[in-house]
Structures are given as structure tokens and as C-alpha cells.
Amino acid sequence: MGIISKIINWSRLKSPWVLHFNTGACNACDIEIIAALTPRYDLERFGVVLKATPRHADVLLCSGPVTKQIESRLLRIYEQMSEPKFVVAVGTCACSGGVFNGCYNVAGGINSVIPVSAYIPGCPASPKAIIDGVVKLLQSLEAKPKSKRPGGKK
Amino acid sequence: MHDVHDFEDVKIPIGPQHPALKEPESFLISLRGEKITASSVRLGYNHRGIEKACEERTYTQGLYLIERICGICSHSHSTCFVQAVEEIAGIEITARAKYLRTLIGELERIHSHLLWLGVAGHEIGFDTLLMYTWRDREVVMDLLATLTGNRVNYGINTVGGVRRDISHKQKEEVLKAIDILEERTKYYIDLAKGETTLIKRLQGVGVLSHEDAEKLDAVGPTARASGIERDVRKDDPYAAYGELDFKVISVNSCDVYGRTLVRLGELMESFSLVRQVIRKIPDGSILVKSARKVPAGEAVSRYEAPRGEDLHYVRANGTEKPDRVKVRAPTLANIQSVSKMLEDRYLADMPIVIAAIDPCFSCTDRLVAVRDTKNKGSNTVVWETIRLQGIEWYKNKGIDFTSLNEKLTKLS
Ligand code: SF4
């Protein structure tokens, strides 16, 4: 690995920028994500910064089952992110569809639309679990920086 | 020829993913310069089909699904639904269960209003307020977690009462936490009344006159900030509210500032309500046994959610599953007034004006408008068509409920 890409990788791990996108959640997972960013849990101490546009983000935090309306938009937002990019599914709904499985307007979990790198279960996923998930994702990248993103298309 | 100043209106789409929006919804704004000339909202990104799904689930299963309509006012929805079911089934829950429902309801209001205060601060660029209120909000989240077992989506209601009792030690914890929160809220009230920048930013923004609020049927703090004293807890008491003493907070300023004051005032009322509940809660059991089947009938139930009046309609057909469930969440009642509030305002006011009704789109997304893009024009699908389509859809998937339904009707 060249020195430049080493620096880029290091900085990426030290300060992942996240974009939060609600794909049809009940809001509980979303407020828990915000709670994870506010003083009690303070995800920012790991360098995590919430970004407002997909073009700046490294990590896409998705919450909720994917509704049919949002499906194409989710894909579009994913495509707008620059490589390398990672997707974290927050909450049981995002992991598998959860309670909404089988509802007529629900397409399923996040991984039915885009590849997912980390799954954080819980209804809602508590801020502690979210921090744990994000830190684990970062660790897994540190361990094997050269490998493909976990969960990515082979 | 066009004058340089005579531009056409510029149309700006905002959403479904946008930094100013916390949930997927989309607005189409027409602008002339900085001024908004027209606005329309497009909902449905969050539509999951919960009402329909309830028909495939038993009442108890449906209850936990209904709770997940919205994670912020989850207790409102589940209580509203369960009240309707209990009314049809003719179940009278115990006084202790009523008090416990009230207690969780008020704690939920506290968490929701603190959350709102933070979000409002964020929308006007006052992020310190967001951090402060969300830190304090953790106190009430801890309480909810110890009382119910979960931070959000408490799952405490069940048909016939509640699932968890409150212990003596927990009562003391609640009182202690309420003292802390009250002190903090007093600080926020001082802030809201004394901080000039905050007042200047919020006063006269998002005006909804008393008449418009009446005409557009605004509910909750949005209505109460326009001088309408409307509160289901007072007008049509449910749970234990009939026995408790509280004021309906309303102001006449009709703007976002007024909505802030109303919510802050309600926080103080909620603290006093929680204290009263802890003092007055009677002994006894928390659950009455109920049959799984609910006799045929229908009921409408109302509940004052943190955002306003929530309304559930349930029709039972004598089986274990409801025949029809309909939810009218407070945001749906308030969303019409947003267009009015935005009229002729500046674009920069838009985030705070929308935030001021405390919108909850996961609550609201329940209308299906199917648009025929080829033939231009839209047609709204009526309920019965969707229902038949749903049955067809399941049949095509190899799931057929007809024989099961027949068996069930034979059994009952
Ligand atoms: S996992 Fe639970 S809390 Fe999260 S969006 Fe789904 S229903 Fe809501």
C-alpha cells in the first residue's frame, strides 16, 4: 500500500462521516441514532460526524424497512456516495424487515436493495448497540484494509 | 419582454432526503426571490401498510404493530388502539392500570417535548440547545427503560390492562428524576423568555391565525398556540385524567414562539401530573383477564398524543382479528396548516415552520393515492379495492384464508 493510500485509510478510520437515512422506520431507531450523537453517548468522540449529503459520507446509516416508495431513492443515494462506502443497518426492521415483514408496501430489509456491511439488531437498537456496531465496523476495516468491504458484492 | 425583476416562479423540490428533514417526505416549493408563493407536500415514503397488516394479526399482535406506527408517540397509539378494543369487548380495566397508562403517557410527553425543543433549536441554528435538551432527555429515557423495559416502544399495554407494575423504589426514582427535569425545564423557560435572539427568530414566524386554525382543524400544541383550548385529556377524559388536576396551556401569539411556550408550559403540567399519579395511584391488580376473541362491534377512541389528538377506529367481527383498523394521527390534521403558515414567508423559515408542528410522517403516511402516469390524473383507491387486491395477492402467493375464516366463524 502506498503511503498516500495509507494516510487516506488512516484518516477515514479516524473520522468516518455518516449519513443517516430513514427508509421507512417508525422513528424510534432514528431518534436513537440522534441520541447516540448527543452528549450522553457522544459518538463524535470516535470521530463520527453526521453529514447532510451522500456525496460527503463514508457510512450510510439506514433505519427501518425499505418501503416500495423509497426503494429507488435509497438506491440512488447509495450510488451518489463515493467509494469506498459502507452501509449499516440499524434496527431489526433494517436487518430483516422486522415486524413489517409481509406488509404490502414493504420490500424487506436494507440488504434486499443494497449490500450491507454491519447489522445492528434491536427494536429500537439502543444507542449503546449503535456505538458498538459502528466501532466494530471500524475495527474490521482496520484489520484488513485491503480486503473488499464486508458484505459487498463479490 | 421580461423585466429583469419579473422572474417566473422557481420551483424547488425538497426531499425525500434533505438535510433539513429528519424523515423522508418531499415538499415542492414555488419561490419568487426569497419568498415562498406556494407549497405542496408529498407524503407516502413511509407508508408501510400497517392498517392492512393489522387485519392479518390478532389483537395482541396488532397492538405491538400499532405501537410501531411511530416510535416517538408509541404509547399514544397503543393506548388509543387498546382503548377502542376494550370498549368493543366491554372490558373495564382496573384503576391501577389506568394510572400506570397515564404515568407512561405523561413521561412520553415529557420525552417528546424535550426532543422537540432540541430539534427546534437545531433548526434555527441553536445547536447548544439541542445538546442540552437531549442530554436531559436521557433522564426520562432511563425512567421509561426501568419502568417498561425498553427505551422506546415500551410494550407496556395489553388488552385488559398493563404488563408491568411499579414498585415502591421505582416510584421514588420517578420523583427524583422529575425534580431534576423540572429544574432544567425552568431554565429553558427562562431562556425562552429572556434570550433575545431566540425570541426574535421565532416571533411572527409561521403565523396561523385563530380562524385558520379552526378552519383547518389544527390539533395539539399547534392549535393551542393559536388560542384554541382543545385537549382530549380535558374534553373527553380517558385513563386517569378525569381524576387529576391540570391546566390546558394555550397562548394567543399564533406563531412558532407561541408553540414553544405551549410545549414548555405543558412540560411543567406533565411534571405535576406525574407527581399526582405517583401520589394517588391505588393498589390492586394491573390486569383483567380477557378473551382472545372480541365480539362484533365498532369503536372510536381518542387520545391526546404529544402532537395532538390521535384517533383510532376499530371494527371487530367476532373473531380474533379486527375487521378494520383506521388511524388518524395528529400530524395529518396539522399538515394542512403548514401550507398556510408558509404562504408568503421566507424560504429560510421553512425548516422551523415545519418543525414547529412537530411533524411525524411515519404516523401520517396512510393514504394511498395511486397516480396513473400514462393517462395523467390521479385516482384515489377506495378501501374495498385494496382489500380485494390484498386477498388476491395472498392467494397468488399460495396463502388462502378463506377456509381458515370459515373454520373460525364456525367455532365462534
Ligand atoms: S426496528 Fe423497531 S424501532 Fe426500529 S424502525 Fe423498526 S419497528 Fe421501529
# chains A, B, ... in the order shown; residues from 1 in each chain; ligands from 1

call {"tool": "closest_atom_pairs", "arguments": {"of": "chain B", "to": "ligand 1", "cutoff": "7 Å", "atoms": "only C-alpha atoms and all ligand atoms", "output": "JSON lines"}}
result
{"residue": "B:Arg68", "atom": "CA", "partner": "ligand 1", "partner_atom_place_in_ligand_line": "7 (S)", "distance": 5.1}
{"residue": "B:Gly71", "atom": "CA", "partner": "ligand 1", "partner_atom_place_in_ligand_line": "8 (Fe)", "distance": 6.0}
{"residue": "B:Asn153", "atom": "CA", "partner": "ligand 1", "partner_atom_place_in_ligand_line": "3 (S)", "distance": 6.8}

call {"tool": "write_last_selection", "arguments": {"atoms": "C-alpha atoms", "output": "PDB file, in the first residue's frame"}}
result
ATOM      1  CA  ARG B  68     -44.573   0.776  15.886  1.00  0.00           C
ATOM      2  CA  GLY B  71     -41.531   5.444  17.854  1.00  0.00           C
ATOM      3  CA  ASN B 153     -41.700   1.255  22.022  1.00  0.00           C
TER       4      ASN B 153
END

call {"tool": "residues_around", "arguments": {"residues": "stretch 337-352 of chain B", "least_positions_apart": "6", "cutoff": "7 Å", "atoms": "only C-alpha atoms", "output": "ChimeraX atom specification"}}
result
/B:20,34-40,120,123-124,206-208,216,218

call {"tool": "write_last_selection", "arguments": {"atoms": "all heavy atoms", "output": "mmCIF file, in the first residue's frame"}}
result
data_model
loop_
_atom_site.group_PDB
_atom_site.id
_atom_site.type_symbol
_atom_site.label_atom_id
_atom_site.label_comp_id
_atom_site.auth_asym_id
_atom_site.auth_seq_id
_atom_site.Cartn_x
_atom_site.Cartn_y
_atom_site.Cartn_z
ATOM 1 N N ALA B 20 -32.527 19.274 5.973
ATOM 2 C CA ALA B 20 -33.451 19.919 6.897
ATOM 3 C C ALA B 20 -34.560 18.979 7.345
ATOM 4 O O ALA B 20 -35.306 19.303 8.256
ATOM 5 C CB ALA B 20 -34.052 21.155 6.257
ATOM 6 N N GLU B 34 -36.830 35.304 -2.539
ATOM 7 C CA GLU B 34 -36.679 34.538 -1.305
ATOM 8 C C GLU B 34 -38.025 34.104 -0.739
ATOM 9 O O GLU B 34 -38.090 33.408 0.252
ATOM 10 C CB GLU B 34 -35.953 35.394 -0.261
ATOM 11 C CG GLU B 34 -34.466 35.518 -0.478
ATOM 12 C CD GLU B 34 -33.736 34.232 -0.112
ATOM 13 O OE1 GLU B 34 -34.042 33.658 0.940
ATOM 14 O OE2 GLU B 34 -32.875 33.803 -0.905
ATOM 15 N N LYS B 35 -39.097 34.594 -1.366
ATOM 16 C CA LYS B 35 -40.421 34.377 -0.779
ATOM 17 C C LYS B 35 -41.090 33.131 -1.343
ATOM 18 O O LYS B 35 -41.030 32.859 -2.543
ATOM 19 C CB LYS B 35 -41.311 35.594 -1.051
ATOM 20 C CG LYS B 35 -40.985 36.767 -0.184
ATOM 21 C CD LYS B 35 -42.183 37.144 0.667
ATOM 22 C CE LYS B 35 -41.798 38.090 1.788
ATOM 23 N NZ LYS B 35 -42.338 39.407 1.657
ATOM 24 N N ILE B 36 -41.755 32.422 -0.469
ATOM 25 C CA ILE B 36 -42.487 31.241 -0.906
ATOM 26 C C ILE B 36 -43.863 31.676 -1.410
ATOM 27 O O ILE B 36 -44.594 32.378 -0.707
ATOM 28 C CB ILE B 36 -42.650 30.265 0.272
ATOM 29 C CG1 ILE B 36 -41.285 29.786 0.742
ATOM 30 C CG2 ILE B 36 -43.527 29.082 -0.121
ATOM 31 C CD1 ILE B 36 -41.325 28.979 2.001
ATOM 32 N N THR B 37 -44.195 31.285 -2.636
ATOM 33 C CA THR B 37 -45.522 31.657 -3.127
ATOM 34 C C THR B 37 -46.513 30.504 -2.993
ATOM 35 O O THR B 37 -47.689 30.716 -2.800
ATOM 36 C CB THR B 37 -45.467 32.095 -4.601
ATOM 37 O OG1 THR B 37 -44.762 31.093 -5.327
ATOM 38 C CG2 THR B 37 -44.752 33.415 -4.747
ATOM 39 N N ALA B 38 -46.030 29.303 -3.127
ATOM 40 C CA ALA B 38 -46.929 28.165 -2.952
ATOM 41 C C ALA B 38 -46.108 26.986 -2.487
ATOM 42 O O ALA B 38 -44.908 26.909 -2.730
ATOM 43 C CB ALA B 38 -47.623 27.836 -4.265
ATOM 44 N N SER B 39 -46.775 26.075 -1.826
ATOM 45 C CA SER B 39 -46.046 24.886 -1.397
ATOM 46 C C SER B 39 -46.994 23.700 -1.387
ATOM 47 O O SER B 39 -48.187 23.840 -1.178
ATOM 48 C CB SER B 39 -45.470 25.096 -0.001
ATOM 49 O OG SER B 39 -46.518 25.217 0.926
ATOM 50 N N SER B 40 -46.451 22.553 -1.681
ATOM 51 C CA SER B 40 -47.278 21.363 -1.564
ATOM 52 C C SER B 40 -46.428 20.257 -0.980
ATOM 53 O O SER B 40 -45.204 20.257 -1.116
ATOM 54 C CB SER B 40 -47.822 20.946 -2.927
ATOM 55 O OG SER B 40 -46.772 20.460 -3.713
ATOM 56 N N ALA B 120 -36.099 21.886 17.458
ATOM 57 C CA ALA B 120 -36.388 23.277 17.099
ATOM 58 C C ALA B 120 -35.123 24.113 17.214
ATOM 59 O O ALA B 120 -34.828 24.932 16.338
ATOM 60 C CB ALA B 120 -37.487 23.834 17.993
ATOM 61 N N GLU B 123 -32.976 23.490 14.266
ATOM 62 C CA GLU B 123 -33.453 24.087 13.015
ATOM 63 C C GLU B 123 -33.168 25.571 12.915
ATOM 64 O O GLU B 123 -33.121 26.121 11.827
ATOM 65 C CB GLU B 123 -34.960 23.862 12.833
ATOM 66 C CG GLU B 123 -35.411 22.406 12.772
ATOM 67 C CD GLU B 123 -34.932 21.661 11.534
ATOM 68 O OE1 GLU B 123 -34.089 22.204 10.797
ATOM 69 O OE2 GLU B 123 -35.385 20.526 11.330
ATOM 70 N N ILE B 124 -33.033 26.248 14.065
ATOM 71 C CA ILE B 124 -32.725 27.679 13.984
ATOM 72 C C ILE B 124 -31.244 27.916 14.223
ATOM 73 O O ILE B 124 -30.811 29.034 14.470
ATOM 74 C CB ILE B 124 -33.572 28.510 14.971
ATOM 75 C CG1 ILE B 124 -33.387 28.007 16.406
ATOM 76 C CG2 ILE B 124 -35.028 28.492 14.576
ATOM 77 C CD1 ILE B 124 -34.019 28.911 17.430
ATOM 78 N N GLY B 206 -44.241 31.700 10.907
ATOM 79 C CA GLY B 206 -45.202 30.608 10.806
ATOM 80 C C GLY B 206 -46.539 30.940 11.432
ATOM 81 O O GLY B 206 -47.075 30.178 12.228
ATOM 82 N N VAL B 207 -47.094 32.089 11.072
ATOM 83 C CA VAL B 207 -48.328 32.531 11.713
ATOM 84 C C VAL B 207 -49.531 31.718 11.228
ATOM 85 O O VAL B 207 -49.711 31.499 10.032
ATOM 86 C CB VAL B 207 -48.567 34.031 11.433
ATOM 87 C CG1 VAL B 207 -49.893 34.478 12.032
ATOM 88 C CG2 VAL B 207 -47.428 34.846 11.993
ATOM 89 N N LEU B 208 -50.301 31.262 12.174
ATOM 90 C CA LEU B 208 -51.552 30.564 11.870
ATOM 91 C C LEU B 208 -52.620 31.226 12.729
ATOM 92 O O LEU B 208 -52.650 31.034 13.941
ATOM 93 C CB LEU B 208 -51.428 29.077 12.207
ATOM 94 C CG LEU B 208 -52.661 28.234 11.915
ATOM 95 C CD1 LEU B 208 -52.834 28.043 10.421
ATOM 96 C CD2 LEU B 208 -52.550 26.885 12.577
ATOM 97 N N LEU B 216 -58.826 24.881 9.578
ATOM 98 C CA LEU B 216 -58.006 23.765 9.112
ATOM 99 C C LEU B 216 -57.956 22.637 10.145
ATOM 100 O O LEU B 216 -57.235 21.662 9.970
ATOM 101 C CB LEU B 216 -56.588 24.247 8.805
ATOM 102 C CG LEU B 216 -56.499 25.232 7.646
ATOM 103 C CD1 LEU B 216 -55.155 25.922 7.640
ATOM 104 C CD2 LEU B 216 -56.721 24.524 6.317
ATOM 105 N N ALA B 218 -56.654 22.351 13.171
ATOM 106 C CA ALA B 218 -55.373 22.041 13.802
ATOM 107 C C ALA B 218 -55.623 21.388 15.159
ATOM 108 O O ALA B 218 -56.679 21.575 15.764
ATOM 109 C CB ALA B 218 -54.562 23.317 13.972
#

call {"tool": "residues_around", "arguments": {"residues": "A:Val135", "least_positions_apart": "5", "cutoff": "9 Å", "atoms": "only C-alpha atoms", "output": "tab-separated table (two decimals) with all heavy atoms, in the first residue's frame"}}
result
chain	number	residue	atom	x	y	z
A	46	PHE	N	-15.53	9.25	18.66
A	46	PHE	CA	-14.82	8.34	17.76
A	46	PHE	C	-14.57	9.00	16.41
A	46	PHE	O	-14.25	8.33	15.44
A	46	PHE	CB	-15.61	7.05	17.55
A	46	PHE	CG	-15.84	6.29	18.83
A	46	PHE	CD1	-17.10	6.24	19.39
A	46	PHE	CD2	-14.79	5.67	19.47
A	46	PHE	CE1	-17.31	5.57	20.57
A	46	PHE	CE2	-15.00	5.00	20.66
A	46	PHE	CZ	-16.27	4.95	21.22
A	130	ILE	N	-25.68	0.79	18.89
A	130	ILE	CA	-25.27	1.50	17.67
A	130	ILE	C	-23.78	1.83	17.74
A	130	ILE	O	-23.03	1.60	16.78
A	130	ILE	CB	-26.10	2.79	17.48
A	130	ILE	CG1	-27.57	2.42	17.27
A	130	ILE	CG2	-25.59	3.60	16.31
A	130	ILE	CD1	-28.51	3.59	17.24
A	140	SER	N	-13.10	-3.74	11.97
A	140	SER	CA	-12.97	-4.74	10.90
A	140	SER	C	-12.27	-4.13	9.70
A	140	SER	O	-11.58	-4.82	8.96
A	140	SER	CB	-14.34	-5.29	10.51
A	140	SER	OG	-14.99	-4.37	9.69

call {"tool": "closest_residue", "arguments": {"among": "B:Tyr187, B:Trp116, B:Tyr257, B:Tyr99", "to": "chain A", "atoms": "only C-alpha atoms"}}
result
B:Trp116

call {"tool": "select_by_dssp", "arguments": {"residues": "stretch 83-233 of chain B", "states": "strand (DSSP E or B)", "output": "number ranges by chain"}}
result
B: 157-158, 161-162

call {"tool": "write_last_selection", "arguments": {"atoms": "N, CA and C atoms", "output": "PDB file, in the first residue's frame"}}
result
ATOM      1  N   ASN B 157     -48.661  -1.800  27.272  1.00  0.00           N
ATOM      2  CA  ASN B 157     -50.100  -2.036  27.198  1.00  0.00           C
ATOM      3  C   ASN B 157     -50.412  -3.449  26.759  1.00  0.00           C
ATOM      4  N   THR B 158     -51.532  -3.946  27.233  1.00  0.00           N
ATOM      5  CA  THR B 158     -52.045  -5.179  26.690  1.00  0.00           C
ATOM      6  C   THR B 158     -53.557  -5.100  26.827  1.00  0.00           C
ATOM      7  N   GLY B 161     -55.329  -4.184  30.353  1.00  0.00           N
ATOM      8  CA  GLY B 161     -54.515  -3.528  31.378  1.00  0.00           C
ATOM      9  C   GLY B 161     -53.106  -3.264  30.929  1.00  0.00           C
ATOM     10  N   VAL B 162     -52.176  -3.366  31.878  1.00  0.00           N
ATOM     11  CA  VAL B 162     -50.769  -3.161  31.553  1.00  0.00           C
ATOM     12  C   VAL B 162     -49.973  -4.389  31.973  1.00  0.00           C
TER      13      VAL B 162
END

call {"tool": "closest_atom_pairs", "arguments": {"of": "chain B", "to": "chain A", "cutoff": "7 Å", "atoms": "only C-alpha atoms", "output": "JSON lines"}}
result
{"residue": "B:Pro19", "atom": "CA", "partner": "A:Ala52", "partner_atom": "CA", "distance": 4.8}
{"residue": "B:Glu23", "atom": "CA", "partner": "A:Asn22", "partner_atom": "CA", "distance": 5.9}
{"residue": "B:Pro24", "atom": "CA", "partner": "A:Asn22", "partner_atom": "CA", "distance": 6.4}
{"residue": "B:Tyr45", "atom": "CA", "partner": "A:Gln69", "partner_atom": "CA", "distance": 5.2}
{"residue": "B:Asn46", "atom": "CA", "partner": "A:Gly24", "partner_atom": "CA", "distance": 4.3}
{"residue": "B:His47", "atom": "CA", "partner": "A:Asn105", "partner_atom": "CA", "distance": 6.8}
{"residue": "B:Arg48", "atom": "CA", "partner": "A:Asn105", "partner_atom": "CA", "distance": 5.0}
{"residue": "B:Gly49", "atom": "CA", "partner": "A:Cys103", "partner_atom": "CA", "distance": 5.6}
{"residue": "B:Ile50", "atom": "CA", "partner": "A:Cys103", "partner_atom": "CA", "distance": 6.9}
{"residue": "B:Ala53", "atom": "CA", "partner": "A:Cys103", "partner_atom": "CA", "distance": 5.8}
{"residue": "B:Leu65", "atom": "CA", "partner": "A:Val99", "partner_atom": "CA", "distance": 6.7}
{"residue": "B:Arg68", "atom": "CA", "partner": "A:Cys26", "partner_atom": "CA", "distance": 5.7}
{"residue": "B:Ile69", "atom": "CA", "partner": "A:Cys26", "partner_atom": "CA", "distance": 5.6}
{"residue": "B:Cys70", "atom": "CA", "partner": "A:Cys26", "partner_atom": "CA", "distance": 4.6}
{"residue": "B:Gly71", "atom": "CA", "partner": "A:Ala28", "partner_atom": "CA", "distance": 4.0}
{"residue": "B:Ile72", "atom": "CA", "partner": "A:Ala28", "partner_atom": "CA", "distance": 6.1}
{"residue": "B:Met131", "atom": "CA", "partner": "A:Thr38", "partner_atom": "CA", "distance": 5.8}
{"residue": "B:Trp134", "atom": "CA", "partner": "A:Thr38", "partner_atom": "CA", "distance": 6.5}
{"residue": "B:Arg135", "atom": "CA", "partner": "A:Pro39", "partner_atom": "CA", "distance": 5.7}
{"residue": "B:Val152", "atom": "CA", "partner": "A:Ala28", "partner_atom": "CA", "distance": 6.3}
{"residue": "B:Ser362", "atom": "CA", "partner": "A:Cys26", "partner_atom": "CA", "distance": 5.7}

call {"tool": "write_last_selection", "arguments": {"atoms": "N, CA and C atoms", "output": "PDB file, in the first residue's frame"}}
result
ATOM      1  N   PRO B  19     -31.093  17.658   4.162  1.00  0.00           N
ATOM      2  CA  PRO B  19     -30.540  17.944   5.483  1.00  0.00           C
ATOM      3  C   PRO B  19     -31.555  18.523   6.459  1.00  0.00           C
ATOM      4  N   GLU B  23     -37.175  13.050   8.259  1.00  0.00           N
ATOM      5  CA  GLU B  23     -37.859  11.867   7.773  1.00  0.00           C
ATOM      6  C   GLU B  23     -38.068  12.017   6.278  1.00  0.00           C
ATOM      7  N   PRO B  24     -38.284  10.915   5.588  1.00  0.00           N
ATOM      8  CA  PRO B  24     -38.487  11.060   4.152  1.00  0.00           C
ATOM      9  C   PRO B  24     -39.875  11.607   3.832  1.00  0.00           C
ATOM     10  N   TYR B  45     -43.700   8.189   1.627  1.00  0.00           N
ATOM     11  CA  TYR B  45     -42.441   7.448   1.599  1.00  0.00           C
ATOM     12  C   TYR B  45     -42.340   6.479   2.761  1.00  0.00           C
ATOM     13  N   ASN B  46     -43.107   6.786   3.773  1.00  0.00           N
ATOM     14  CA  ASN B  46     -43.047   5.969   4.972  1.00  0.00           C
ATOM     15  C   ASN B  46     -44.208   5.006   5.077  1.00  0.00           C
ATOM     16  N   HIS B  47     -45.021   4.965   4.038  1.00  0.00           N
ATOM     17  CA  HIS B  47     -46.214   4.132   4.112  1.00  0.00           C
ATOM     18  C   HIS B  47     -45.828   2.663   4.092  1.00  0.00           C
ATOM     19  N   ARG B  48     -46.196   1.959   5.160  1.00  0.00           N
ATOM     20  CA  ARG B  48     -45.807   0.558   5.243  1.00  0.00           C
ATOM     21  C   ARG B  48     -46.996  -0.385   5.111  1.00  0.00           C
ATOM     22  N   GLY B  49     -48.193   0.154   5.334  1.00  0.00           N
ATOM     23  CA  GLY B  49     -49.372  -0.699   5.222  1.00  0.00           C
ATOM     24  C   GLY B  49     -49.748  -1.338   6.535  1.00  0.00           C
ATOM     25  N   ILE B  50     -49.663  -0.566   7.610  1.00  0.00           N
ATOM     26  CA  ILE B  50     -49.914  -1.134   8.934  1.00  0.00           C
ATOM     27  C   ILE B  50     -51.389  -1.481   9.138  1.00  0.00           C
ATOM     28  N   ALA B  53     -52.074  -4.652   7.562  1.00  0.00           N
ATOM     29  CA  ALA B  53     -51.377  -5.742   8.245  1.00  0.00           C
ATOM     30  C   ALA B  53     -52.083  -6.129   9.540  1.00  0.00           C
ATOM     31  N   LEU B  65     -47.788  -4.046  16.776  1.00  0.00           N
ATOM     32  CA  LEU B  65     -47.532  -3.468  15.461  1.00  0.00           C
ATOM     33  C   LEU B  65     -47.952  -2.002  15.460  1.00  0.00           C
ATOM     34  N   ARG B  68     -45.693   0.431  16.766  1.00  0.00           N
ATOM     35  CA  ARG B  68     -44.573   0.776  15.886  1.00  0.00           C
ATOM     36  C   ARG B  68     -44.991   1.645  14.699  1.00  0.00           C
ATOM     37  N   ILE B  69     -46.176   2.228  14.785  1.00  0.00           N
ATOM     38  CA  ILE B  69     -46.523   3.260  13.799  1.00  0.00           C
ATOM     39  C   ILE B  69     -45.515   4.379  13.935  1.00  0.00           C
ATOM     40  N   CYS B  70     -45.281   4.753  15.183  1.00  0.00           N
ATOM     41  CA  CYS B  70     -44.367   5.852  15.436  1.00  0.00           C
ATOM     42  C   CYS B  70     -43.628   5.588  16.718  1.00  0.00           C
ATOM     43  N   GLY B  71     -42.328   5.744  16.677  1.00  0.00           N
ATOM     44  CA  GLY B  71     -41.531   5.444  17.854  1.00  0.00           C
ATOM     45  C   GLY B  71     -41.546   6.544  18.888  1.00  0.00           C
ATOM     46  N   ILE B  72     -41.993   7.740  18.507  1.00  0.00           N
ATOM     47  CA  ILE B  72     -41.944   8.829  19.475  1.00  0.00           C
ATOM     48  C   ILE B  72     -43.228   8.853  20.295  1.00  0.00           C
ATOM     49  N   MET B 131     -28.145  19.923  22.184  1.00  0.00           N
ATOM     50  CA  MET B 131     -27.307  19.084  23.031  1.00  0.00           C
ATOM     51  C   MET B 131     -27.792  19.099  24.480  1.00  0.00           C
ATOM     52  N   TRP B 134     -31.262  17.185  24.763  1.00  0.00           N
ATOM     53  CA  TRP B 134     -31.137  15.740  24.552  1.00  0.00           C
ATOM     54  C   TRP B 134     -30.376  15.089  25.689  1.00  0.00           C
ATOM     55  N   ARG B 135     -29.486  15.851  26.324  1.00  0.00           N
ATOM     56  CA  ARG B 135     -28.823  15.279  27.496  1.00  0.00           C
ATOM     57  C   ARG B 135     -29.861  15.089  28.610  1.00  0.00           C
ATOM     58  N   VAL B 152     -37.706   2.960  24.010  1.00  0.00           N
ATOM     59  CA  VAL B 152     -38.764   3.438  23.124  1.00  0.00           C
ATOM     60  C   VAL B 152     -39.638   2.216  22.815  1.00  0.00           C
ATOM     61  N   SER B 362     -44.049   9.186   9.909  1.00  0.00           N
ATOM     62  CA  SER B 362     -44.332   7.759   9.981  1.00  0.00           C
ATOM     63  C   SER B 362     -45.733   7.535  10.523  1.00  0.00           C
TER      64      SER B 362
END

call {"tool": "atom_distance", "arguments": {"atom1": "atom CA of B:Leu264", "atom2": "atom CA of B:Pro359"}}
result
17.4 Å

call {"tool": "closest_residue", "arguments": {"among": "A:Val87, A:Glu44, A:Cys95, A:Cys62", "to": "A:Leu137", "atoms": "only C-alpha atoms"}}
result
A:Val87

call {"tool": "residues_around", "arguments": {"residues": "B:Ile91", "least_positions_apart": "4", "cutoff": "8 Å", "atoms": "only C-alpha atoms", "output": "MDAnalysis selection string"}}
result
chainID B and resid 86:87 160 288 290

call {"tool": "write_last_selection", "arguments": {"atoms": "C-alpha atoms", "output": "PDB file, in the first residue's frame"}}
result
ATOM      1  CA  GLU B  86     -61.556  -2.718  25.290  1.00  0.00           C
ATOM      2  CA  GLU B  87     -64.614  -0.638  24.549  1.00  0.00           C
ATOM      3  CA  GLY B 160     -57.194  -5.587  29.663  1.00  0.00           C
ATOM      4  CA  VAL B 288     -58.115  -8.169  33.962  1.00  0.00           C
ATOM      5  CA  SER B 290     -59.919 -11.001  28.581  1.00  0.00           C
TER       6      SER B 290
END

call {"tool": "select_by_dssp", "arguments": {"residues": "stretch 168-409 of chain B", "states": "helix (DSSP H, G or I)", "output": "ChimeraX atom specification"}}
result
/B:168-194,196-202,210-215,220-224,232-235,241-243,256-280,330-342,347-356,361-364,383-396,402-409

call {"tool": "atom_distance", "arguments": {"atom1": "atom CA of B:Ala213", "atom2": "atom CA of B:Ser226"}}
result
6.7 Å

call {"tool": "residues_around", "arguments": {"residues": "stretch 273-280 of chain B", "least_positions_apart": "2", "cutoff": "9 Å", "atoms": "only C-alpha atoms", "output": "list in words"}}
result
Tyr99, Leu100, Thr102, Leu103, Ile104, Glu106, Leu107, Lys171, Glu172, Val174, Leu175, Ile178, Ala240, Tyr241, Leu244, Asp245, Phe246, Met268, Glu269, Ser270, Phe271 and Pro282 of chain B
